[in-house]
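As stored in upload.pdb (PDB, C-alpha atoms, pLDDT in the B column):
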```pdb
ATOM      1  CA  MET A   1     -35.190  24.941  19.110  1.00 52.00           C
ATOM      2  CA  LYS A   2     -33.547  21.708  20.269  1.00 52.00           C
ATOM      3  CA  LEU A   3     -34.030  20.181  16.793  1.00 45.00           C
ATOM      4  CA  LYS A   4     -32.181  23.107  15.168  1.00 47.00           C
ATOM      5  CA  LYS A   5     -29.325  22.720  17.661  1.00 47.00           C
ATOM      6  CA  LEU A   6     -29.154  18.952  16.972  1.00 39.00           C
ATOM      7  CA  ILE A   7     -29.095  19.501  13.195  1.00 45.00           C
ATOM      8  CA  SER A   8     -26.419  22.181  13.583  1.00 43.00           C
ATOM      9  CA  THR A   9     -24.298  19.865  15.759  1.00 41.00           C
ATOM     10  CA  LEU A  10     -24.652  16.995  13.296  1.00 38.00           C
ATOM     11  CA  GLY A  11     -23.667  19.259  10.398  1.00 44.00           C
ATOM     12  CA  LEU A  12     -20.587  20.503  12.252  1.00 38.00           C
ATOM     13  CA  THR A  13     -19.602  16.925  13.135  1.00 38.00           C
ATOM     14  CA  ALA A  14     -19.910  15.862   9.487  1.00 41.00           C
ATOM     15  CA  CYS A  15     -17.692  18.782   8.412  1.00 37.00           C
ATOM     16  CA  LEU A  16     -15.014  17.925  10.981  1.00 35.00           C
ATOM     17  CA  ILE A  17     -14.992  14.271   9.991  1.00 35.00           C
ATOM     18  CA  SER A  18     -14.660  15.082   6.304  1.00 37.00           C
ATOM     19  CA  MET A  19     -11.818  17.539   7.013  1.00 35.00           C
ATOM     20  CA  SER A  20      -9.824  14.917   8.921  1.00 36.00           C
ATOM     21  CA  SER A  21      -9.738  12.480   6.011  1.00 38.00           C
ATOM     22  CA  SER A  22      -6.582  12.047   3.979  1.00 41.00           C
ATOM     23  CA  ALA A  23      -5.574  14.673   1.467  1.00 44.00           C
ATOM     24  CA  PHE A  24      -4.604  11.857  -0.896  1.00 48.00           C
ATOM     25  CA  ALA A  25      -6.965   9.521  -2.685  1.00 55.00           C
ATOM     26  CA  MET A  26      -6.422   5.844  -3.309  1.00 70.00           C
ATOM     27  CA  GLY A  27      -5.157   5.168  -6.791  1.00 81.00           C
ATOM     28  CA  ASP A  28      -5.024   2.048  -8.918  1.00 85.00           C
ATOM     29  CA  ALA A  29      -1.577   0.587  -9.508  1.00 87.00           C
ATOM     30  CA  ARG A  30      -0.892   0.992 -13.212  1.00 79.00           C
ATOM     31  CA  GLU A  31       0.428  -1.699 -15.505  1.00 79.00           C
ATOM     32  CA  PRO A  32       2.950  -2.118 -16.875  1.00 77.00           C
ATOM     33  CA  ASP A  33       5.283  -0.924 -14.162  1.00 83.00           C
ATOM     34  CA  SER A  34       8.847  -1.808 -13.233  1.00 86.00           C
ATOM     35  CA  PHE A  35      11.575  -0.996 -10.742  1.00 86.00           C
ATOM     36  CA  ASN A  36      12.658   1.833 -13.084  1.00 90.00           C
ATOM     37  CA  SER A  37       9.096   2.974 -13.816  1.00 92.00           C
ATOM     38  CA  PRO A  38       7.162   2.548 -10.546  1.00 96.00           C
ATOM     39  CA  ASN A  39       3.836   3.807  -9.256  1.00 96.00           C
ATOM     40  CA  TYR A  40       4.541   7.015  -7.288  1.00 97.00           C
ATOM     41  CA  PHE A  41       3.097   7.774  -3.873  1.00 97.00           C
ATOM     42  CA  GLN A  42       2.270  11.463  -3.385  1.00 96.00           C
ATOM     43  CA  GLY A  43       3.110  11.312   0.325  1.00 97.00           C
ATOM     44  CA  ILE A  44       2.196   9.795   3.666  1.00 97.00           C
ATOM     45  CA  GLY A  45      -1.531   9.059   3.586  1.00 97.00           C
ATOM     46  CA  ASP A  46      -1.476   7.928  -0.050  1.00 97.00           C
ATOM     47  CA  SER A  47      -2.389   4.389  -1.121  1.00 98.00           C
ATOM     48  CA  PHE A  48      -2.819   2.129  -4.128  1.00 97.00           C
ATOM     49  CA  GLU A  49      -4.993  -0.857  -4.926  1.00 97.00           C
ATOM     50  CA  GLY A  50      -3.574  -3.420  -7.301  1.00 96.00           C
ATOM     51  CA  THR A  51      -3.941  -6.897  -8.731  1.00 94.00           C
ATOM     52  CA  PHE A  52      -1.567  -9.464 -10.183  1.00 92.00           C
ATOM     53  CA  TYR A  53      -2.244 -11.098 -13.505  1.00 85.00           C
ATOM     54  CA  LYS A  54      -2.183 -14.869 -13.648  1.00 78.00           C
ATOM     55  CA  SER A  55       0.799 -16.141 -15.612  1.00 69.00           C
ATOM     56  CA  TYR A  56       0.613 -19.845 -14.695  1.00 60.00           C
ATOM     57  CA  PRO A  57       0.499 -22.083 -16.751  1.00 60.00           C
ATOM     58  CA  ASP A  58       1.670 -19.601 -19.424  1.00 63.00           C
ATOM     59  CA  PHE A  59       5.427 -19.951 -18.901  1.00 65.00           C
ATOM     60  CA  GLU A  60       6.134 -17.350 -21.603  1.00 67.00           C
ATOM     61  CA  ARG A  61       4.892 -14.610 -19.271  1.00 66.00           C
ATOM     62  CA  PRO A  62       6.875 -14.063 -16.077  1.00 74.00           C
ATOM     63  CA  MET A  63       5.211 -13.733 -12.684  1.00 84.00           C
ATOM     64  CA  ASP A  64       3.592 -10.302 -12.238  1.00 89.00           C
ATOM     65  CA  HIS A  65       5.287  -7.831  -9.869  1.00 92.00           C
ATOM     66  CA  ASP A  66       4.295  -4.297  -8.900  1.00 95.00           C
ATOM     67  CA  TYR A  67       6.606  -1.451  -7.905  1.00 96.00           C
ATOM     68  CA  PHE A  68       6.080   1.698  -5.841  1.00 98.00           C
ATOM     69  CA  GLN A  69       8.205   4.676  -4.852  1.00 98.00           C
ATOM     70  CA  TRP A  70       8.094   7.764  -2.661  1.00 98.00           C
ATOM     71  CA  THR A  71      10.716  10.511  -2.362  1.00 98.00           C
ATOM     72  CA  ASN A  72      10.627  12.425   0.901  1.00 98.00           C
ATOM     73  CA  ASP A  73      10.580  15.977  -0.446  1.00 97.00           C
ATOM     74  CA  THR A  74       9.091  17.462   2.749  1.00 97.00           C
ATOM     75  CA  GLY A  75      12.371  19.031   3.900  1.00 97.00           C
ATOM     76  CA  GLN A  76      12.490  16.959   7.094  1.00 98.00           C
ATOM     77  CA  GLY A  77      12.853  13.325   8.111  1.00 98.00           C
ATOM     78  CA  LYS A  78       9.588  11.359   8.236  1.00 98.00           C
ATOM     79  CA  ALA A  79       8.614   8.304  10.266  1.00 98.00           C
ATOM     80  CA  PHE A  80       5.689   6.332   8.850  1.00 98.00           C
ATOM     81  CA  TYR A  81       4.252   2.876   8.290  1.00 98.00           C
ATOM     82  CA  ILE A  82       3.872   0.850   5.124  1.00 98.00           C
ATOM     83  CA  ASN A  83       0.702  -1.207   5.403  1.00 98.00           C
ATOM     84  CA  PHE A  84       0.056  -4.012   2.918  1.00 98.00           C
ATOM     85  CA  ASP A  85      -3.075  -6.193   2.865  1.00 98.00           C
ATOM     86  CA  THR A  86      -4.516  -8.769   0.469  1.00 97.00           C
ATOM     87  CA  TYR A  87      -7.880  -7.943   1.999  1.00 96.00           C
ATOM     88  CA  GLN A  88     -10.060  -9.797  -0.538  1.00 96.00           C
ATOM     89  CA  ASN A  89      -8.350 -13.189  -0.025  1.00 96.00           C
ATOM     90  CA  ARG A  90      -5.408 -13.278   2.367  1.00 96.00           C
ATOM     91  CA  SER A  91      -4.789 -16.977   1.709  1.00 95.00           C
ATOM     92  CA  LEU A  92      -3.136 -16.000  -1.611  1.00 94.00           C
ATOM     93  CA  ASP A  93      -0.311 -14.579   0.524  1.00 92.00           C
ATOM     94  CA  TYR A  94       0.618 -11.576  -1.601  1.00 97.00           C
ATOM     95  CA  MET A  95       3.566  -9.800   0.004  1.00 97.00           C
ATOM     96  CA  ILE A  96       6.202  -7.096   0.033  1.00 98.00           C
ATOM     97  CA  ARG A  97       9.135  -8.848  -1.667  1.00 96.00           C
ATOM     98  CA  ASP A  98      11.792  -6.266  -0.954  1.00 95.00           C
ATOM     99  CA  MET A  99      12.501  -2.596  -0.395  1.00 96.00           C
ATOM    100  CA  SER A 100      15.236  -0.166  -1.203  1.00 96.00           C
ATOM    101  CA  VAL A 101      15.120   2.525   1.469  1.00 96.00           C
ATOM    102  CA  GLY A 102      17.424   5.425   2.305  1.00 92.00           C
ATOM    103  CA  GLY A 103      16.880   4.985   6.049  1.00 92.00           C
ATOM    104  CA  PRO A 104      16.048   2.354   8.658  1.00 96.00           C
ATOM    105  CA  ALA A 105      13.060   0.029   8.133  1.00 97.00           C
ATOM    106  CA  GLN A 106      11.724  -2.743  10.359  1.00 98.00           C
ATOM    107  CA  GLN A 107       8.882  -5.178   9.855  1.00 98.00           C
ATOM    108  CA  VAL A 108       6.526  -4.819  12.833  1.00 98.00           C
ATOM    109  CA  PHE A 109       3.732  -7.189  11.761  1.00 98.00           C
ATOM    110  CA  LYS A 110       3.482 -10.183   9.407  1.00 97.00           C
ATOM    111  CA  ASP A 111       0.628 -12.578   8.805  1.00 97.00           C
ATOM    112  CA  THR A 112      -0.615 -14.427   5.741  1.00 96.00           C
ATOM    113  CA  GLY A 113      -1.376 -11.843   3.064  1.00 96.00           C
ATOM    114  CA  ARG A 114      -0.721  -8.763   5.190  1.00 97.00           C
ATOM    115  CA  GLU A 115       2.164  -6.949   6.818  1.00 98.00           C
ATOM    116  CA  THR A 116       3.304  -3.642   8.282  1.00 98.00           C
ATOM    117  CA  TRP A 117       6.721  -1.975   8.206  1.00 98.00           C
ATOM    118  CA  TYR A 118       7.965   0.970  10.271  1.00 98.00           C
ATOM    119  CA  VAL A 119      10.200   3.276   8.226  1.00 98.00           C
ATOM    120  CA  TYR A 120      12.203   6.400   8.936  1.00 98.00           C
ATOM    121  CA  LEU A 121      13.080   8.263   5.750  1.00 98.00           C
ATOM    122  CA  PRO A 122      15.455  11.245   5.968  1.00 98.00           C
ATOM    123  CA  ALA A 123      14.682  14.349   3.922  1.00 98.00           C
ATOM    124  CA  GLY A 124      15.508  13.883   0.241  1.00 97.00           C
ATOM    125  CA  GLU A 125      15.736  10.079   0.451  1.00 97.00           C
ATOM    126  CA  LYS A 126      13.639   7.537  -1.505  1.00 97.00           C
ATOM    127  CA  ILE A 127      11.862   4.339  -0.712  1.00 98.00           C
ATOM    128  CA  LYS A 128      11.189   1.781  -3.442  1.00 97.00           C
ATOM    129  CA  ILE A 129       8.842  -1.121  -2.708  1.00 98.00           C
ATOM    130  CA  HIS A 130       8.450  -4.335  -4.716  1.00 97.00           C
ATOM    131  CA  VAL A 131       5.320  -6.476  -4.181  1.00 97.00           C
ATOM    132  CA  SER A 132       4.160  -9.764  -5.710  1.00 95.00           C
ATOM    133  CA  SER A 133       2.451 -13.029  -4.919  1.00 93.00           C
ATOM    134  CA  GLN A 134       4.302 -15.694  -2.972  1.00 89.00           C
ATOM    135  CA  ASP A 135       4.359 -17.861  -6.088  1.00 85.00           C
ATOM    136  CA  ALA A 136       3.004 -17.824  -9.647  1.00 80.00           C
ATOM    137  CA  ILE A 137       0.403 -20.522  -8.945  1.00 82.00           C
ATOM    138  CA  ARG A 138      -1.481 -18.766  -6.127  1.00 86.00           C
ATOM    139  CA  VAL A 139      -2.685 -15.734  -8.083  1.00 90.00           C
ATOM    140  CA  ASP A 140      -6.210 -14.522  -8.681  1.00 92.00           C
ATOM    141  CA  PRO A 141      -6.361 -11.574 -11.103  1.00 92.00           C
ATOM    142  CA  ASN A 142      -9.681 -10.527  -9.531  1.00 94.00           C
ATOM    143  CA  VAL A 143      -8.323 -10.239  -5.983  1.00 95.00           C
ATOM    144  CA  LYS A 144      -7.079  -6.797  -4.978  1.00 96.00           C
ATOM    145  CA  TYR A 145      -4.410  -5.819  -2.511  1.00 97.00           C
ATOM    146  CA  ILE A 146      -3.843  -2.426  -0.945  1.00 98.00           C
ATOM    147  CA  ILE A 147      -0.540  -0.763  -0.105  1.00 98.00           C
ATOM    148  CA  ALA A 148      -0.483   2.455   1.896  1.00 98.00           C
ATOM    149  CA  LEU A 149       1.919   4.897   3.495  1.00 98.00           C
ATOM    150  CA  SER A 150       0.338   5.778   6.815  1.00 98.00           C
ATOM    151  CA  GLU A 151       0.954   7.585  10.082  1.00 97.00           C
ATOM    152  CA  ARG A 152      -0.366   4.544  11.975  1.00 97.00           C
ATOM    153  CA  PRO A 153      -0.064   0.774  11.663  1.00 97.00           C
ATOM    154  CA  TRP A 154      -3.247  -1.093  10.727  1.00 95.00           C
ATOM    155  CA  TRP A 155      -2.698  -4.053  13.077  1.00 83.00           C
TER
END
```
Would you mind writing the file's structure down as structure tokens?
Amino acid sequence: MKLKKLISTLGLTACLISMSSSAFAMGDAREPDSFNSPNYFQGIGDSFEGTFYKSYPDFERPMDHDYFQWTNDTGQGKAFYINFDTYQNRSLDYMIRDMSVGGPAQQVFKDTGRETWYVYLPAGEKIKIHVSSQDAIRVDPNVKYIIALSERPWW
């Protein structure tokens, strides 16, 4: 009898854990992208993994940049965090270059290859995010970064 109760409890726990996970799945940042044709977040809880191609020493190709956007279509203002991490090799120092945001934003954490921003986005406003490597020399096309809109900071 106790074994059945334990199995039932474990099954219920597994169901609750799976229900609490994000409704959005991590996507891969598509290439090519641009400020006018960004990767679109579906909402808070969504994330992307991306890489930068290596342009150095090919001076004909500019340094790779990736672009992301979210429009707050929830009908109410939203406070959230943007978490960015070059988790496979932080020494490359990939970073958020700049943002265009229709509300206040403040960097709350910065370290080599990772950072977190606190953002308040009024209803109907957009946030556009531009990420790249610190310079064209320190790029590894095999090293991924992650960028996420989250309810909590990672650090």
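For the structure in this document, the set picked by the PyMOL selection byres ((chain A and resi 91-95) around 7) is Thr86, Asn89, Arg90, Ile96, Arg97, Thr112, Gly113, Arg114, Val131, Ser132, Ser133, Gln134, Arg138 and Val139 of chain A.
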Using all atoms listed in the file: which of A:Phe52, A:Tyr67, A:Phe41, A:Trp155 has the shortest distance to Ile129 in chain A | A:Tyr67
Using only C-alpha atoms, can you list as JSON, numbers by chain the residues within 7 Å of (12.1, 0.1, 12.7)?
-> {"A": [104, 105, 106, 107, 118, 119]}
Tell me which of A:Thr71, A:Asn142, A:Pro32, A:Gln88 sits closest to Lys54 in chain A, counting only C-alpha atoms.
-> A:Asn142
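Here CA of Glu125 in chain A and CA of Asp73 in chain A stand 7.9 Å from one another.
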Name the residues in contact with Asp33 in chain A at a cut-off of 9 Å, using all atoms listed in the file, excluding same-chain residues fewer than 3 positions from it; report them as a count of residues only.
-> 10
CA of Gln76 in chain A to CA of Phe109 in chain A: how many Å, to one decimal?
->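 Separating CA of Gln76 in chain A from CA of Phe109 in chain A is a distance of 26.1 Å.
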When you draw a straight line from CA of Tyr53 in chain A to CA of Ala148 in chain A, how long is it in Å?
-> 20.6 Å
List as a PyMOL selection string: which residues have an atom within 6 Å of (7.7, 3.9, -4.6), counting only C-alpha atoms?
-> chain A and resi 40+68-70+127-129
Where does the PyMOL selection byres ((chain A and resi 81) around 12) land in this file, that is, which residues does it pick, as a PyMOL selection string?
-> chain A and resi 43-47+78-80+82-84+104-109+115-121+127+147-155
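Nearest to Glu49 in chain A of all the residues A:Ile137, A:Met26, A:Met63, A:Ala123 is A:Met26, counting all atoms listed in the file.
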Nearest to Ile146 in chain A by atom-to-atom distance, counting only C-alpha atoms, from A:Asn72, A:Thr51, A:Gly27, A:Asp85 =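 Residue with the minimum atom-to-atom distance to Ile146 in chain A: A:Asp85.
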Given the file shown, enumerate the residues that the PyMOL selection byres ((chain A and resi 102) around 6) captures and present them as a ChimeraX atom specification.
-> /A:101,103,125-126
